[in-house]
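**Student:** Take this structure, written in structure tokens, and hold onto it; I'll ask about it next.
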Amino acid sequence: MSTTTDTTAAVSHPRGRQRLGDRIFSGGATAAGITILVLLAGVATFLLIEAWPAITAPAEDIPGGEGLFRFILPLAFATVVSALIGLVVAVPFAIAIALFITHYAPRRLAQSMGYLIDLLAAVPSIVYGLWGVSVLAPASLGVLQWLEGNVGFLPFFEGPVSSTGRTMLVAGVVLAVMILPIITAITREVFLQTPKAHKEAAYALGATRWEMIRMAVLPFGRSAMISGSMLGLGRALGETMAVTIILSASGASIFNLGLISSASNPTIAANIALDFPELSGISVNALIASGLVLFAITLAVNMAARVVINRRREFTGAA
Amino acid sequence: MTTATASATEAKRVEVSDLDIYYGSFHAVKSVTMTIQPNKVTAIIGSSGCGKSTFLRSLNRMHELVEGARVEGSVILDGQDIYAADVDSVMVRRQVGMVFQNPNPFPTMSIGDNVAAGLRLNSRKAKKDELDEIVERSLRGANLWEEVKERLDRPGSSLSGGQQQRLCIARAIAVQPEVLLMDEPCSALDPVATLAIEDLIGDLKNNYTIVIVTHNMQQAARASDFTAFFNLENSGDPGQLVELDRTDTIFSNPENKATEDYVSGRFG
């Protein structure tokens, strides 16, 4: 009924007076959009203002006594390395699981697997941290020793192996488990939407199921695979609790590549969580400066993902 | 390619006998027996829902992509029943190509890669220069070469609808099938593009056996050598083959009253 009334109203007011519902909706949407921008700007401003004293402070006042750059670099390095390990481990698994759910599993199994994966995303990160410390770390010792013995000539796998297993590698694997559900969920949704026309085109050429997936499903899901991975990477970069628990025993402020030794640096987020309660004065500003760097890394990662996605836009059919 | 007739190759005959097609418990097509002549164009006409698309898709087992689909009867291509237990549907589709209602080039591939897509599939890897040659030959065969030869690396979606459909035909013939199925290939195209496709169909039959489903009876009359009329007695009944004959006979002097009503526009 209301539609009919609206139509007549529109006809009798050709100037197009805006309807109340439209105004409320567009106003609400605009406000939400602006709020995001304001929040982002607010966070950036806060970080800059709070970090400024540390940026301008003399080098010997910064924890470690060698300046802000020397303070943050090992942390930033550890952050990127742990997140990358997580990503490298998680992405192939996530895509394989998404493909299995969408194209291989019988429908009923696929559905319950989907729920299970979503459940994984709901597990609090501290639980993953505890699992990493008490199960994965001790269980990984054998693998770590094997790595040292067989590929120990690589700087990543240089000994001595940690006796507890609480290493960068284990932290990365725990991060992988944490970001697996989000990448799986996003790619699965998009794989499901692969146009039937493209799938039929592949099958009609005599493609097997795997060839069809390579010709139609994966290219269609490409941008989703990238953006899902970036979301996962963002979460891995910022993850605090799990990494804090696993790497808390260390805290060596030297710049190292070791993934299996116990002398790993904490990540930026883990370091903030560990040190914030105990520090005061300029050291707090230094921590916040490290937070600013984390913010910048995350921003850069997301922008890089945009660039990758846009580069072949005209080939996606969206152009 | 100017002497297409001279280079004509003998395509394969398709013999369908007592074919019944089901989707789950739904009986879609009932006991079709017909012979599809080699190097001829066979048009399938009939009202919506009479099972002509389903029948067409059963000729290269594409209908099996729908869950619960099954057939009874046989479809014999070159002496081999494509529904025999030891025949892989993938191998059937490599011999029986298909062009769809809406042009469906792969959006992430260039024009050249679209044509080469079928050739890059596992079991028939081709060399680079060989590939270029087949791409050119297929595009020439689809009357598209002159229009796209300068921009083979552009996306397929940059072409017009009619060009995209000819690109899809080039992609289908690049793998040199025996039979080419076309499911209303012109229904999304304007009259000029439609005419271009119909001309192309006339050329293609020199090398392929062609089966085309169409809603457009002028198209069937213009482009085909044989016409099969499908109908269903009541809605919900399975579709059946009513009559198959030379196209001029079907349109001038059909045996069956229902066929006459349909082709003269008096049906229902």
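Residues in the structure tokens are numbered from 1 in each chain, the chains being A, B, ... in the order shown, and ligands are numbered from 1 in the order shown.
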Residues of chain B no more than 7 Å from chain A, counting only C-alpha atoms: send them over as a PyMOL selection string.
**Tutor:** chain B and resi 90-91+93-94+97-98+104+106-109+118+121+155+157+172
**Student:** Could you pull out all residues of segment 108-318 of chain A with a DSSP call of alpha helix (DSSP H) and give them as an NGL selection string?
**Tutor:** :A and (108-122 or 125-131 or 137-151 or 168-192 or 196-204 or 209-212 or 218-220 or 222-238 or 241-247 or 268-275 or 282-311)
**Student:** Can you pull out every residue within 12 Å of Asn302 of chain A, counting only C-alpha atoms, but drop anything in the same chain fewer than 2 positions away, and send it as a list in words?
**Tutor:** Ile226, Ser227, Gly228, Ser229, Met230, Leu231, Gly232, Leu233, Gly234, Arg235, Leu237, Phe295, Ala296, Ile297, Thr298, Leu299, Ala300, Ala304, Ala305, Arg306, Val307, Val308 and Ile309 of chain A
**Student:** Please produce an output containing N, CA and C atoms for each residue in the selection, written as a PDB file, in the first residue's frame.
**Tutor:**
```
ATOM      1  N   ILE A 226      42.996 -12.525  -1.862  1.00  0.00           N
ATOM      2  CA  ILE A 226      43.947 -11.503  -1.427  1.00  0.00           C
ATOM      3  C   ILE A 226      43.388 -10.724  -0.241  1.00  0.00           C
ATOM      4  N   SER A 227      42.135 -10.284  -0.354  1.00  0.00           N
ATOM      5  CA  SER A 227      41.623  -9.457   0.740  1.00  0.00           C
ATOM      6  C   SER A 227      41.431 -10.297   2.000  1.00  0.00           C
ATOM      7  N   GLY A 228      41.054 -11.562   1.845  1.00  0.00           N
ATOM      8  CA  GLY A 228      40.955 -12.436   3.017  1.00  0.00           C
ATOM      9  C   GLY A 228      42.305 -12.612   3.683  1.00  0.00           C
ATOM     10  N   SER A 229      43.337 -12.796   2.859  1.00  0.00           N
ATOM     11  CA  SER A 229      44.680 -12.953   3.408  1.00  0.00           C
ATOM     12  C   SER A 229      45.116 -11.689   4.132  1.00  0.00           C
ATOM     13  N   MET A 230      44.767 -10.540   3.560  1.00  0.00           N
ATOM     14  CA  MET A 230      45.180  -9.283   4.186  1.00  0.00           C
ATOM     15  C   MET A 230      44.462  -9.064   5.515  1.00  0.00           C
ATOM     16  N   LEU A 231      43.182  -9.440   5.545  1.00  0.00           N
ATOM     17  CA  LEU A 231      42.465  -9.347   6.825  1.00  0.00           C
ATOM     18  C   LEU A 231      43.135 -10.248   7.849  1.00  0.00           C
ATOM     19  N   GLY A 232      43.485 -11.464   7.421  1.00  0.00           N
ATOM     20  CA  GLY A 232      44.172 -12.399   8.303  1.00  0.00           C
ATOM     21  C   GLY A 232      45.510 -11.838   8.748  1.00  0.00           C
ATOM     22  N   LEU A 233      46.240 -11.252   7.792  1.00  0.00           N
ATOM     23  CA  LEU A 233      47.542 -10.676   8.121  1.00  0.00           C
ATOM     24  C   LEU A 233      47.372  -9.541   9.129  1.00  0.00           C
ATOM     25  N   GLY A 234      46.333  -8.727   8.913  1.00  0.00           N
ATOM     26  CA  GLY A 234      46.070  -7.633   9.843  1.00  0.00           C
ATOM     27  C   GLY A 234      45.840  -8.152  11.248  1.00  0.00           C
ATOM     28  N   ARG A 235      45.067  -9.252  11.334  1.00  0.00           N
ATOM     29  CA  ARG A 235      44.807  -9.795  12.661  1.00  0.00           C
ATOM     30  C   ARG A 235      46.092 -10.367  13.261  1.00  0.00           C
ATOM     31  N   LEU A 237      49.165  -9.444  12.654  1.00  0.00           N
ATOM     32  CA  LEU A 237      50.086  -8.366  13.034  1.00  0.00           C
ATOM     33  C   LEU A 237      49.724  -7.786  14.398  1.00  0.00           C
ATOM     34  N   PHE A 295      50.623   0.474  13.487  1.00  0.00           N
ATOM     35  CA  PHE A 295      49.511   1.099  12.759  1.00  0.00           C
ATOM     36  C   PHE A 295      49.927   1.358  11.307  1.00  0.00           C
ATOM     37  N   ALA A 296      51.124   1.883  11.142  1.00  0.00           N
ATOM     38  CA  ALA A 296      51.608   2.200   9.798  1.00  0.00           C
ATOM     39  C   ALA A 296      51.817   0.931   8.974  1.00  0.00           C
ATOM     40  N   ILE A 297      52.363  -0.119   9.623  1.00  0.00           N
ATOM     41  CA  ILE A 297      52.583  -1.382   8.896  1.00  0.00           C
ATOM     42  C   ILE A 297      51.255  -1.930   8.394  1.00  0.00           C
ATOM     43  N   THR A 298      50.269  -1.963   9.283  1.00  0.00           N
ATOM     44  CA  THR A 298      48.961  -2.503   8.916  1.00  0.00           C
ATOM     45  C   THR A 298      48.354  -1.717   7.760  1.00  0.00           C
ATOM     46  N   LEU A 299      48.469  -0.382   7.855  1.00  0.00           N
ATOM     47  CA  LEU A 299      47.935   0.478   6.803  1.00  0.00           C
ATOM     48  C   LEU A 299      48.621   0.179   5.474  1.00  0.00           C
ATOM     49  N   ALA A 300      49.944   0.038   5.522  1.00  0.00           N
ATOM     50  CA  ALA A 300      50.711  -0.220   4.302  1.00  0.00           C
ATOM     51  C   ALA A 300      50.301  -1.558   3.693  1.00  0.00           C
ATOM     52  N   ALA A 304      48.748  -2.008   0.011  1.00  0.00           N
ATOM     53  CA  ALA A 304      49.412  -2.873  -0.969  1.00  0.00           C
ATOM     54  C   ALA A 304      48.410  -3.867  -1.542  1.00  0.00           C
ATOM     55  N   ALA A 305      47.548  -4.410  -0.674  1.00  0.00           N
ATOM     56  CA  ALA A 305      46.547  -5.366  -1.142  1.00  0.00           C
ATOM     57  C   ALA A 305      45.613  -4.717  -2.154  1.00  0.00           C
ATOM     58  N   ARG A 306      45.203  -3.479  -1.878  1.00  0.00           N
ATOM     59  CA  ARG A 306      44.350  -2.729  -2.818  1.00  0.00           C
ATOM     60  C   ARG A 306      45.018  -2.625  -4.184  1.00  0.00           C
ATOM     61  N   VAL A 307      46.301  -2.260  -4.151  1.00  0.00           N
ATOM     62  CA  VAL A 307      47.023  -2.075  -5.409  1.00  0.00           C
ATOM     63  C   VAL A 307      47.035  -3.378  -6.207  1.00  0.00           C
ATOM     64  N   VAL A 308      47.317  -4.488  -5.497  1.00  0.00           N
ATOM     65  CA  VAL A 308      47.368  -5.777  -6.180  1.00  0.00           C
ATOM     66  C   VAL A 308      46.011  -6.100  -6.801  1.00  0.00           C
ATOM     67  N   ILE A 309      44.952  -5.852  -6.045  1.00  0.00           N
ATOM     68  CA  ILE A 309      43.612  -6.184  -6.543  1.00  0.00           C
ATOM     69  C   ILE A 309      43.253  -5.311  -7.735  1.00  0.00           C
TER      70      ILE A 309
END
```
**Student:** Restricting the calculation to only C-alpha atoms, which member of A:Ala121, A:Ala54, A:Val217, A:Ala185 is positioned closest to Ile282 of chain A?
**Tutor:**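 Closest residue, counting only C-alpha atoms: A:Ala54.
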**Student:** Residues near segment 69-74 of chain A, anyone? I mean within 9 Å using only C-alpha atoms, not counting same-chain ones fewer than 4 positions away, as a tab-separated table (two decimals) with all heavy atoms, in the first residue's frame.
**Tutor:**
```tsv
chain	number	residue	atom	x	y	z
A	55	ILE	N	59.83	10.42	20.07
A	55	ILE	CA	60.50	10.67	18.79
A	55	ILE	C	61.55	11.75	18.94
A	55	ILE	O	62.64	11.68	18.36
A	55	ILE	CB	59.45	11.07	17.71
A	55	ILE	CG1	58.49	9.89	17.46
A	55	ILE	CG2	60.13	11.47	16.41
A	55	ILE	CD1	57.33	10.23	16.56
A	62	ILE	N	65.62	6.41	25.77
A	62	ILE	CA	64.75	5.34	25.28
A	62	ILE	C	65.18	4.01	25.89
A	62	ILE	O	66.39	3.79	26.06
A	62	ILE	CB	64.85	5.26	23.73
A	62	ILE	CG1	64.54	6.62	23.09
A	62	ILE	CG2	63.95	4.18	23.17
A	62	ILE	CD1	63.13	7.09	23.29
A	63	PRO	N	64.24	3.11	26.22
A	63	PRO	CA	64.64	1.81	26.76
A	63	PRO	C	65.64	1.13	25.83
A	63	PRO	O	65.45	1.13	24.62
A	63	PRO	CB	63.32	1.02	26.80
A	63	PRO	CG	62.25	2.05	26.84
A	63	PRO	CD	62.79	3.26	26.16
A	64	GLY	N	66.70	0.61	26.43
A	64	GLY	CA	67.76	0.03	25.60
A	64	GLY	C	68.90	1.02	25.41
A	64	GLY	O	70.03	0.62	25.17
A	65	GLY	N	68.54	2.32	25.49
A	65	GLY	CA	69.57	3.34	25.46
A	65	GLY	C	70.20	3.59	24.10
A	65	GLY	O	71.21	4.27	24.01
A	78	ALA	N	60.10	-8.71	14.43
A	78	ALA	CA	59.45	-9.90	14.99
A	78	ALA	C	57.97	-9.94	14.63
A	78	ALA	O	57.41	-11.00	14.33
A	78	ALA	CB	59.63	-9.92	16.50
A	79	THR	N	57.35	-8.77	14.65
A	79	THR	CA	55.92	-8.69	14.32
A	79	THR	C	55.68	-9.18	12.90
A	79	THR	O	54.81	-10.04	12.65
A	79	THR	CB	55.43	-7.23	14.43
A	79	THR	OG1	55.77	-6.74	15.72
A	79	THR	CG2	53.95	-7.14	14.21
A	253	SER	N	66.64	-7.96	23.28
A	253	SER	CA	66.43	-6.84	22.36
A	253	SER	C	67.49	-6.82	21.28
A	253	SER	O	67.99	-5.79	20.90
A	253	SER	CB	66.42	-5.52	23.12
A	253	SER	OG	67.60	-5.41	23.87
A	254	ILE	N	67.88	-7.97	20.82
A	254	ILE	CA	68.79	-8.00	19.68
A	254	ILE	C	68.02	-8.39	18.43
A	254	ILE	O	67.01	-9.09	18.49
A	254	ILE	CB	69.96	-8.99	19.89
A	254	ILE	CG1	69.43	-10.26	20.56
A	254	ILE	CG2	71.07	-8.36	20.70
A	254	ILE	CD1	70.31	-11.43	20.44
A	255	PHE	N	68.56	-7.93	17.31
A	255	PHE	CA	67.94	-8.12	16.02
A	255	PHE	C	68.32	-9.51	15.52
A	255	PHE	O	69.47	-9.75	15.17
A	255	PHE	CB	68.51	-7.03	15.10
A	255	PHE	CG	68.01	-7.05	13.72
A	255	PHE	CD1	66.75	-6.57	13.40
A	255	PHE	CD2	68.83	-7.50	12.69
A	255	PHE	CE1	66.33	-6.55	12.11
A	255	PHE	CE2	68.39	-7.49	11.39
A	255	PHE	CZ	67.14	-7.01	11.10
A	256	ASN	N	67.38	-10.47	15.57
A	256	ASN	CA	67.80	-11.79	15.08
A	256	ASN	C	66.78	-12.46	14.17
A	256	ASN	O	65.60	-12.16	14.18
A	256	ASN	CB	68.22	-12.70	16.24
A	256	ASN	CG	67.03	-13.20	17.01
A	256	ASN	OD1	65.96	-13.41	16.46
A	256	ASN	ND2	67.20	-13.37	18.32
A	265	ASN	N	62.56	-12.06	19.78
A	265	ASN	CA	61.98	-10.84	20.32
A	265	ASN	C	60.48	-10.97	20.37
A	265	ASN	O	59.89	-11.65	19.54
A	265	ASN	CB	62.34	-9.67	19.40
A	265	ASN	CG	63.81	-9.39	19.45
A	265	ASN	OD1	64.34	-9.02	20.48
A	265	ASN	ND2	64.48	-9.62	18.33
A	266	PRO	N	59.84	-10.28	21.31
A	266	PRO	CA	58.37	-10.23	21.26
A	266	PRO	C	57.93	-9.34	20.11
A	266	PRO	O	58.71	-8.54	19.62
A	266	PRO	CB	58.00	-9.64	22.61
A	266	PRO	CG	59.20	-8.90	23.06
A	266	PRO	CD	60.39	-9.56	22.44
A	267	THR	N	56.68	-9.49	19.69
A	267	THR	CA	56.14	-8.60	18.66
A	267	THR	C	55.79	-7.26	19.30
A	267	THR	O	55.80	-7.12	20.52
A	267	THR	CB	54.89	-9.21	18.03
A	267	THR	OG1	53.88	-9.28	19.04
A	267	THR	CG2	55.17	-10.59	17.47
A	268	ILE	N	55.45	-6.29	18.46
A	268	ILE	CA	55.12	-4.96	18.98
A	268	ILE	C	53.97	-5.05	19.98
A	268	ILE	O	54.05	-4.56	21.11
A	268	ILE	CB	54.75	-4.00	17.83
A	268	ILE	CG1	55.99	-3.72	16.98
A	268	ILE	CG2	54.17	-2.70	18.39
A	268	ILE	CD1	55.73	-2.83	15.77
A	286	ALA	N	57.68	5.72	24.20
A	286	ALA	CA	58.38	4.87	23.25
A	286	ALA	C	57.52	3.69	22.84
A	286	ALA	O	57.47	3.29	21.67
A	286	ALA	CB	59.70	4.38	23.85
A	287	LEU	N	56.79	3.12	23.82
A	287	LEU	CA	55.88	2.01	23.51
A	287	LEU	C	54.81	2.46	22.54
A	287	LEU	O	54.46	1.76	21.59
A	287	LEU	CB	55.22	1.49	24.79
A	287	LEU	CG	56.05	0.56	25.67
A	287	LEU	CD1	55.17	0.05	26.81
A	287	LEU	CD2	56.58	-0.61	24.88
A	289	ALA	N	55.02	4.88	20.48
A	289	ALA	CA	55.65	5.06	19.16
A	289	ALA	C	55.72	3.73	18.42
A	289	ALA	O	55.51	3.67	17.20
A	289	ALA	CB	57.05	5.65	19.33
A	290	SER	N	56.00	2.64	19.17
A	290	SER	CA	56.01	1.33	18.52
A	290	SER	C	54.61	0.98	18.01
A	290	SER	O	54.44	0.38	16.95
A	290	SER	CB	56.55	0.25	19.46
A	290	SER	OG	55.62	-0.03	20.48
A	293	VAL	N	54.06	2.59	14.75
A	293	VAL	CA	54.71	1.83	13.67
A	293	VAL	C	53.82	0.65	13.25
A	293	VAL	O	53.63	0.38	12.06
A	293	VAL	CB	56.11	1.33	14.11
A	293	VAL	CG1	56.67	0.35	13.09
A	293	VAL	CG2	57.04	2.51	14.29
```
**Student:** Give me, as a compact mmCIF listing (two decimals) with N, CA, C and O atoms, in the first residue's frame, all polymer residues having an atom no more than 10 Å from Leu200 of chain B, counting only C-alpha atoms and skipping those fewer than 2 positions away in the same chain.
**Tutor:**
```
# COMPACT_ATOMS: atom_id res chain seq x y z
N GLY B 141 38.25 -19.21 -38.03
CA GLY B 141 37.10 -20.11 -38.20
C GLY B 141 35.84 -19.50 -37.62
O GLY B 141 34.73 -19.82 -38.05
N ALA B 142 35.99 -18.63 -36.62
CA ALA B 142 34.82 -18.01 -35.99
C ALA B 142 34.57 -16.62 -36.54
O ALA B 142 33.82 -15.82 -35.96
N ASN B 143 35.21 -16.30 -37.68
CA ASN B 143 35.06 -14.98 -38.33
C ASN B 143 35.35 -13.82 -37.38
O ASN B 143 34.68 -12.79 -37.42
N ARG B 166 31.16 -15.04 -30.68
CA ARG B 166 32.04 -15.66 -31.67
C ARG B 166 33.35 -16.09 -31.02
O ARG B 166 33.95 -17.10 -31.42
N ILE B 169 32.65 -19.35 -29.61
CA ILE B 169 32.65 -20.37 -30.66
C ILE B 169 34.09 -20.73 -31.02
O ILE B 169 34.44 -21.91 -31.17
N THR B 194 23.33 -11.53 -34.74
CA THR B 194 22.67 -12.81 -34.97
C THR B 194 22.96 -13.33 -36.37
O THR B 194 23.31 -14.50 -36.57
N LEU B 195 22.86 -12.42 -37.35
CA LEU B 195 23.12 -12.81 -38.72
C LEU B 195 24.56 -13.29 -38.90
O LEU B 195 24.82 -14.27 -39.61
N ALA B 196 25.49 -12.60 -38.23
CA ALA B 196 26.90 -12.99 -38.32
C ALA B 196 27.09 -14.41 -37.79
O ALA B 196 27.81 -15.21 -38.38
N ILE B 197 26.40 -14.73 -36.69
CA ILE B 197 26.52 -16.08 -36.12
C ILE B 197 25.89 -17.10 -37.06
O ILE B 197 26.43 -18.18 -37.29
N GLU B 198 24.74 -16.74 -37.65
CA GLU B 198 24.09 -17.69 -38.55
C GLU B 198 24.96 -17.98 -39.78
O GLU B 198 25.06 -19.13 -40.22
N GLY B 202 26.70 -21.66 -40.95
CA GLY B 202 26.74 -22.24 -42.29
C GLY B 202 28.14 -22.69 -42.69
O GLY B 202 28.31 -23.72 -43.34
N ASP B 203 29.17 -21.91 -42.27
CA ASP B 203 30.55 -22.30 -42.59
C ASP B 203 31.00 -23.48 -41.74
O ASP B 203 31.71 -24.36 -42.20
N LEU B 204 30.59 -23.44 -40.45
CA LEU B 204 31.10 -24.43 -39.51
C LEU B 204 30.67 -25.85 -39.85
O LEU B 204 31.37 -26.81 -39.54
N LYS B 205 29.53 -25.98 -40.51
CA LYS B 205 29.05 -27.35 -40.75
C LYS B 205 29.93 -28.10 -41.72
O LYS B 205 29.82 -29.31 -41.87
N ALA B 223 18.93 -21.29 -40.92
CA ALA B 223 20.27 -21.80 -40.65
C ALA B 223 20.40 -23.31 -40.63
O ALA B 223 21.51 -23.83 -40.61
```
